[in-house]
Structures are given as structure tokens and as C-alpha cells.
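Enquirer: Quick one: structure below, then a few questions.
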Amino acid sequence: MIRHQPKSETDFVTLTGGACAILLTSDAAKKAQLSWDLAADWLSRKLSRIGKKRPPKRPLRPRLPVLMPARNMPRRRPNSIRGRLAFMHAIAHIELNAIDLAWDIIARFRSPDLPVAFYDDWVNVANDEARHFSMLTNYLSYNNACYWDFPAHNSLWESAENTSDDILSRLAIVPLVLEARGLDTTPGAIKRLSATGDTKAARILKIIGEEEISHVATGVRWFHHICKSRELEPASTFQMLVKSQFAGFLKPSFATNARTLAGFPRFYYEPLARLR
């Protein structure tokens with residue numbers, strides 16, 4: 001569902017052209033605004049041509065925040081306002097990556113073999129991620145902070161680059177490993193934020209957590225679609241791809257209820273946790 005936002009002056013000619021224009025936009029707020037605009041045009045069918053524009057290897061980003069290896073990131077403890085701001089900033093950075101990831105999968109893996117529903121689904125995801133990013137940056141602004149005030153890491157986009165040659169690998173690692181992990185960690189984060197009395201931050205994460213279920217469901221749906229087209233068994237294919245393409249590990253505990261709501265049964269991922 002489209003949430004109406006102020007319209008920019010950008011005219012999009014094709015979906016992939018618009019997706020690439022967003023990927024090549026460095027300003028984070030403008031990236032979100034263009035995402036709303038392109039989503040509105042596509043889902044209303046004002047824009048109907050998919051096009052053939054291919055994406056850059058990596059999206060443009062603002063000069064800040066400073067990026068560092070994930071292992072060097074400082075701990076973000078929510079028991080102080082600065083700790084909560086650093087934590088919400090980290091989520092905002094994830095959502096900015098998620099905007100680019102949604103547009104990248106549209107442009108990078110465009111194919112005449114994919115139905116329009118594939119593009120509709122990922123446009124809706126991009127629209128949601130842009131709204132999530134805006135909610136988080138509004139929270140930061142309300143607390144006299146900005147998106148760029150804290151360091152961030154680039155692990156999410158590194159995973160995208162590592163899976164840029166195959167849509168099945170991308171679906172397995174990004175929505176079904178990394179985004180699904182968000183379903184596991186968000187309830188605990190909401191509880192910790194609520195315990196500090198920061199109901200505004202907790203409410204934002206609750207909205208994001210609920211909507212991310214549908215994003216994981218989108219990944220599951222198209223993972224199954226591609227597996228069927230290649231005559232592959234989905235669960236064993238997922239496990240093979242995670243073992244070969246993912247550098248980390250699947251860490252319990254899992255939010256099995258949320259994952260099941262997303263159509264992602266536990267026999268897909270629990271064996272991987274036992275192997276590590």
C-alpha cells in the first residue's frame with residue numbers, strides 16, 4: 001500500500017531506470033523521497049515499462065557516516081539517550097541499505113521470465129524501507145541528532161556484492177538470512193527500549209518489526225519461485241547456499257512464530273544452526 005508523500009519533480013521513464021537513479025543518489029533523504037515517488041508511479045501504473053537499465057556495482061552514499069568493520073563497532077547500550085540514539089542510528093543505516101537492496105534486486109535481476117508481481121513486491125518493499133528510514137531519522141532529529149552522527153558498518157551491502165551474480169543466492173542471503181535475523185532480534189530490542197521509558201523508539205521498532213515479516217515473506221515467495229523454475233528443492237538449496245555464500249552463522253534463538261508467518265518454516269534454518 002502506498003503512503004502518499006510530497007511529490008518531487010523527477011519524471012521516471014522506466015522502472016529500472018528509476019531504480020538506478022535512486023541507487024545513484026547519494027543524499028539519503030532524497031533517496032527515500034525518490035523511492036516514494038517511483039513506488040507511487042509504478043504501483044498506480046502511471047509508469048508501466050520495466051526497461052533494461054542495469055545498476056551500478058554499489059550505490060552512492062553520503063560522505064557520512066563513517067563506515068568501519070562490523071567487528072570494530074562500539075556497543076550501543078539503550079540505558080542512556082546517547083546509547084539509544086546510536087542504536088536507532090544503526091537501524092536507520094540498515095534501512096537505508098534496505099532501500100538500495102530493494103531497487104538493486106529489481107534492476108540487477110530484471111528478466112522477461114519474471115512476472116510483474118515480482119516487481120510489484122520489491123517496489124512495495126522499497127516503499128516501506130524508505131518510510132522506515134524516515135521514521136528513524138525523524139526520531140533522531142527529535143532528539144537533536146542526525147543520520148551521520150555515529151559510525152556504521154557496510155556488512156549488509158558487502159553481502160549484496162557477494163551475491164550479485166545470482167538471484168537465488170541474493171534471495172537466500174539477504175532476505176532469508178539477514179532480514180530474517182531482524183525478526184529474531186527486534187522483540188528483545190523493543191523490550192529493552194520500553195524498559196528505559198522510550199516509548200517512541202519502541203513504537204517505531206514495533207512497526208518496523210511487524211512490516212518486516214512481509215518483506216521476509218517476499219523473499220521466501222520468490223526464492224520458491226526461482227527454485228521451481230530451476231527444478232530445485234527449496235530447503236536443501238537454501239541450506240547449500242547459506243553454507244557456501246554466507247560468511248557468518250545462523251545464531252539462535254529464532255523468532256519461529258514471525259518466521260512461520262513469513263512462510264519460512266524452521267526445518268529450513270534450524271539445521272544450519274546445529275551445524276555451526
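Every chain in the C-alpha cells has a letter given in the order shown (A, B, ...), and although residue numbers restart at 1 in each chain, ligands are simply numbered from 1 in the order shown.
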Could you list, with a cut-off of 9 Å and counting only C-alpha atoms, the residues of segment 93-148 of chain A near segment 46-62 of chain A, each shown with its nearest atom pair and the distance in Å rounded to one decimal, rows sorted by chain and ascending number, as CSV?

Expert:
```
residue,atom,partner,partner_atom,distance
A:Asp100,CA,A:Pro59,CA,6.9
A:Trp103,CA,A:Pro55,CA,8.8
A:Asp104,CA,A:Pro55,CA,6.5
A:Ala107,CA,A:Arg54,CA,5.6
A:Arg108,CA,A:Arg54,CA,5.8
A:Phe109,CA,A:Arg54,CA,8.7
A:Arg110,CA,A:Lys52,CA,7.3
A:Ser111,CA,A:Lys52,CA,8.8
A:Val116,CA,A:Ile50,CA,8.8
A:Tyr119,CA,A:Ile50,CA,8.5
A:Trp148,CA,A:Pro62,CA,8.5
```

Enquirer: Can I get the selected residues back with all heavy atoms, as an mmCIF file, in the first residue's frame?

Expert:
```cif
data_model
loop_
_atom_site.group_PDB
_atom_site.id
_atom_site.type_symbol
_atom_site.label_atom_id
_atom_site.label_comp_id
_atom_site.auth_asym_id
_atom_site.auth_seq_id
_atom_site.Cartn_x
_atom_site.Cartn_y
_atom_site.Cartn_z
ATOM 1 N N ASP A 100 18.212 0.557 -0.930
ATOM 2 C CA ASP A 100 19.053 0.259 -2.091
ATOM 3 C C ASP A 100 18.964 -1.206 -2.496
ATOM 4 O O ASP A 100 18.970 -1.533 -3.687
ATOM 5 C CB ASP A 100 20.503 0.624 -1.790
ATOM 6 C CG ASP A 100 20.758 2.124 -1.829
ATOM 7 O OD1 ASP A 100 20.099 2.813 -2.631
ATOM 8 O OD2 ASP A 100 21.610 2.603 -1.068
ATOM 9 N N TRP A 103 15.772 -1.791 -4.634
ATOM 10 C CA TRP A 103 15.888 -1.286 -6.006
ATOM 11 C C TRP A 103 16.941 -2.070 -6.780
ATOM 12 O O TRP A 103 16.805 -2.290 -7.989
ATOM 13 C CB TRP A 103 16.224 0.201 -6.005
ATOM 14 C CG TRP A 103 15.122 1.055 -5.453
ATOM 15 C CD1 TRP A 103 15.203 1.922 -4.402
ATOM 16 C CD2 TRP A 103 13.761 1.122 -5.918
ATOM 17 N NE1 TRP A 103 13.984 2.516 -4.178
ATOM 18 C CE2 TRP A 103 13.076 2.045 -5.100
ATOM 19 C CE3 TRP A 103 13.052 0.489 -6.941
ATOM 20 C CZ2 TRP A 103 11.730 2.358 -5.270
ATOM 21 C CZ3 TRP A 103 11.705 0.786 -7.114
ATOM 22 C CH2 TRP A 103 11.061 1.707 -6.288
ATOM 23 N N ASP A 104 17.997 -2.507 -6.104
ATOM 24 C CA ASP A 104 19.052 -3.257 -6.782
ATOM 25 C C ASP A 104 18.531 -4.590 -7.297
ATOM 26 O O ASP A 104 18.862 -4.992 -8.414
ATOM 27 C CB ASP A 104 20.224 -3.473 -5.824
ATOM 28 C CG ASP A 104 21.400 -4.164 -6.499
ATOM 29 O OD1 ASP A 104 22.174 -3.467 -7.179
ATOM 30 O OD2 ASP A 104 21.526 -5.398 -6.372
ATOM 31 N N ALA A 107 16.589 -3.988 -10.560
ATOM 32 C CA ALA A 107 17.377 -3.641 -11.739
ATOM 33 C C ALA A 107 18.402 -4.719 -12.093
ATOM 34 O O ALA A 107 18.608 -5.043 -13.265
ATOM 35 C CB ALA A 107 18.076 -2.304 -11.517
ATOM 36 N N ARG A 108 19.047 -5.285 -11.083
ATOM 37 C CA ARG A 108 20.135 -6.239 -11.350
ATOM 38 C C ARG A 108 19.605 -7.545 -11.936
ATOM 39 O O ARG A 108 20.253 -8.163 -12.794
ATOM 40 C CB ARG A 108 20.914 -6.530 -10.058
ATOM 41 C CG ARG A 108 22.156 -7.378 -10.271
ATOM 42 C CD ARG A 108 23.008 -7.422 -9.018
ATOM 43 N NE ARG A 108 23.386 -6.094 -8.570
ATOM 44 C CZ ARG A 108 24.363 -5.358 -9.099
ATOM 45 N NH1 ARG A 108 25.065 -5.831 -10.117
ATOM 46 N NH2 ARG A 108 24.629 -4.165 -8.621
ATOM 47 N N PHE A 109 18.455 -7.980 -11.481
ATOM 48 C CA PHE A 109 17.959 -9.296 -11.884
ATOM 49 C C PHE A 109 16.730 -9.205 -12.788
ATOM 50 O O PHE A 109 15.972 -10.172 -12.897
ATOM 51 C CB PHE A 109 17.685 -10.140 -10.642
ATOM 52 C CG PHE A 109 18.911 -10.340 -9.786
ATOM 53 C CD1 PHE A 109 19.014 -9.721 -8.551
ATOM 54 C CD2 PHE A 109 19.967 -11.112 -10.232
ATOM 55 C CE1 PHE A 109 20.144 -9.891 -7.759
ATOM 56 C CE2 PHE A 109 21.101 -11.297 -9.453
ATOM 57 C CZ PHE A 109 21.195 -10.674 -8.218
ATOM 58 N N ARG A 110 16.539 -8.048 -13.405
ATOM 59 C CA ARG A 110 15.439 -7.891 -14.351
ATOM 60 C C ARG A 110 15.519 -8.989 -15.406
ATOM 61 O O ARG A 110 16.583 -9.285 -15.945
ATOM 62 C CB ARG A 110 15.523 -6.523 -15.031
ATOM 63 C CG ARG A 110 14.446 -6.317 -16.102
ATOM 64 C CD ARG A 110 14.872 -5.342 -17.144
ATOM 65 N NE ARG A 110 16.065 -5.782 -17.859
ATOM 66 C CZ ARG A 110 16.076 -6.687 -18.817
ATOM 67 N NH1 ARG A 110 14.961 -7.284 -19.197
ATOM 68 N NH2 ARG A 110 17.214 -7.028 -19.399
ATOM 69 N N SER A 111 14.359 -9.599 -15.664
ATOM 70 C CA SER A 111 14.327 -10.699 -16.624
ATOM 71 C C SER A 111 12.927 -10.811 -17.202
ATOM 72 O O SER A 111 11.935 -10.653 -16.479
ATOM 73 C CB SER A 111 14.710 -12.013 -15.933
ATOM 74 O OG SER A 111 14.417 -13.123 -16.768
ATOM 75 N N VAL A 116 5.186 -9.574 -13.496
ATOM 76 C CA VAL A 116 5.054 -8.212 -12.959
ATOM 77 C C VAL A 116 4.940 -8.244 -11.441
ATOM 78 O O VAL A 116 5.392 -7.320 -10.753
ATOM 79 C CB VAL A 116 3.840 -7.509 -13.596
ATOM 80 C CG1 VAL A 116 3.547 -6.176 -12.907
ATOM 81 C CG2 VAL A 116 4.080 -7.281 -15.090
ATOM 82 N N TYR A 119 8.134 -7.465 -9.552
ATOM 83 C CA TYR A 119 8.482 -6.045 -9.459
ATOM 84 C C TYR A 119 7.561 -5.326 -8.479
ATOM 85 O O TYR A 119 8.016 -4.488 -7.687
ATOM 86 C CB TYR A 119 8.444 -5.418 -10.854
ATOM 87 C CG TYR A 119 9.356 -6.130 -11.813
ATOM 88 C CD1 TYR A 119 8.864 -7.057 -12.728
ATOM 89 C CD2 TYR A 119 10.732 -5.927 -11.768
ATOM 90 C CE1 TYR A 119 9.707 -7.738 -13.587
ATOM 91 C CE2 TYR A 119 11.585 -6.607 -12.623
ATOM 92 C CZ TYR A 119 11.070 -7.517 -13.523
ATOM 93 O OH TYR A 119 11.917 -8.203 -14.368
ATOM 94 N N TRP A 148 24.200 10.427 10.387
ATOM 95 C CA TRP A 148 25.626 10.607 10.092
ATOM 96 C C TRP A 148 26.401 10.941 11.352
ATOM 97 O O TRP A 148 27.600 11.066 11.352
ATOM 98 C CB TRP A 148 25.891 11.677 9.020
ATOM 99 C CG TRP A 148 25.478 13.097 9.347
ATOM 100 C CD1 TRP A 148 26.035 13.933 10.284
ATOM 101 C CD2 TRP A 148 24.443 13.835 8.718
ATOM 102 N NE1 TRP A 148 25.402 15.143 10.295
ATOM 103 C CE2 TRP A 148 24.409 15.131 9.321
ATOM 104 C CE3 TRP A 148 23.540 13.580 7.694
ATOM 105 C CZ2 TRP A 148 23.491 16.107 8.952
ATOM 106 C CZ3 TRP A 148 22.635 14.559 7.326
ATOM 107 C CH2 TRP A 148 22.623 15.800 7.957
#
```

Enquirer: Please provide as a ChimeraX atom specification all residues within 7 Å of Ile22 of chain A, with the sequence filter that same-chain residues fewer than 6 positions apart are discarded (counting only C-alpha atoms).

Expert: /A:31,34-35

Enquirer: Could you name the residues that touch Ala255 of chain A at 12 Å or less, counting only C-alpha atoms, but leaving out those on the same chain fewer than 2 positions away, as a list in words?

Expert: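 Near neighbours after the sequence-gap exclusion: Ala180, Arg181, Gly182, Leu183, Asp184, Thr185, Thr186, Pro187, Gly188, Gly209, Ile213, Lys251, Pro252, Ser253, Asn257, Ala258, Arg259, Thr260, Leu261, Ala262, Phe264, Pro265, Arg266, Tyr269 and Glu270 of chain A.
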
Enquirer: Nearest to Leu114 of chain A among A:Ala172, A:Ile208, A:Ala32, A:Ile167, with distances taken over only C-alpha atoms: which residue is it?

Expert: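 For Leu114 of chain A, the nearest of the given residues is A:Ile167.
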
Enquirer: Here is a test: counting only C-alpha atoms, which residue of A:Tyr139, A:Phe87, A:Tyr268, A:Trp222 is nearest to Ala117 of chain A?

Expert: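 Checking each candidate against Ala117 of chain A, we get A:Trp222 as the closest.
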
Enquirer: Looking at A:Glu161, A:Asp41, A:Glu179, A:Asp149, which one is nearest to Ala217 of chain A, with distances taken over only C-alpha atoms?

Expert: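 Nearest candidate to Ala217 of chain A out of A:Glu161, A:Asp41, A:Glu179, A:Asp149: A:Glu179.
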
Enquirer: Quick one: of A:Thr137, A:Ser214, A:Asn79, A:Asn144, who's nearest to Leu193 of chain A, counting only C-alpha atoms?

Expert: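 Using only C-alpha atoms, the shortest distance to Leu193 of chain A belongs to A:Asn79.
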
Enquirer: Using only C-alpha atoms, which protein or nucleic acid residues come within 8 Å of segment 232-249 of chain A? Drop anything in the same chain fewer than 4 positions from it, and give the result as a count of residues only.

Expert: 16

Enquirer: Extract, using only C-alpha atoms, all DNA, RNA and protein residues at most 9 Å from Pro65 of chain A, discarding same-chain residues fewer than 4 positions from it, and format them as a list in words.

Expert: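 Those residues are His93, Tyr147, Trp148, Asp149, Phe150, Pro151 and Ala152 of chain A.
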
Enquirer: Could you write out that same residue set with N, CA, C and O atoms as a compact mmCIF listing (two decimals), in the first residue's frame?

Expert:
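Now in selection-v2.txt:
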```txt
# COMPACT_ATOMS: atom_id res chain seq x y z
N HIS A 93 20.63 3.09 9.40
CA HIS A 93 21.61 2.72 8.38
C HIS A 93 21.22 1.41 7.70
O HIS A 93 21.37 1.27 6.47
N TYR A 147 21.23 11.58 10.92
CA TYR A 147 21.81 10.40 10.29
C TYR A 147 23.18 10.79 9.72
O TYR A 147 23.25 11.42 8.67
N TRP A 148 24.20 10.43 10.39
CA TRP A 148 25.63 10.61 10.09
C TRP A 148 26.40 10.94 11.35
O TRP A 148 27.60 11.07 11.35
N ASP A 149 25.68 11.06 12.48
CA ASP A 149 26.35 11.43 13.73
C ASP A 149 27.13 10.28 14.36
O ASP A 149 27.96 10.51 15.25
N PHE A 150 26.87 9.04 13.95
CA PHE A 150 27.52 7.88 14.56
C PHE A 150 28.13 7.02 13.44
O PHE A 150 27.67 7.06 12.29
N PRO A 151 29.14 6.24 13.75
CA PRO A 151 29.71 5.34 12.73
C PRO A 151 28.73 4.23 12.38
O PRO A 151 27.77 3.95 13.11
N ALA A 152 28.97 3.59 11.26
CA ALA A 152 28.14 2.48 10.81
C ALA A 152 29.04 1.46 10.11
O ALA A 152 30.23 1.72 9.89
```

Enquirer: Do you know which residues are at most 6 Å from Ile99 of chain A counting only C-alpha atoms, after dropping those on the same chain fewer than 4 positions away, and could you put them as an MDAnalysis selection string?

Expert: chainID A and resid 126 129:130
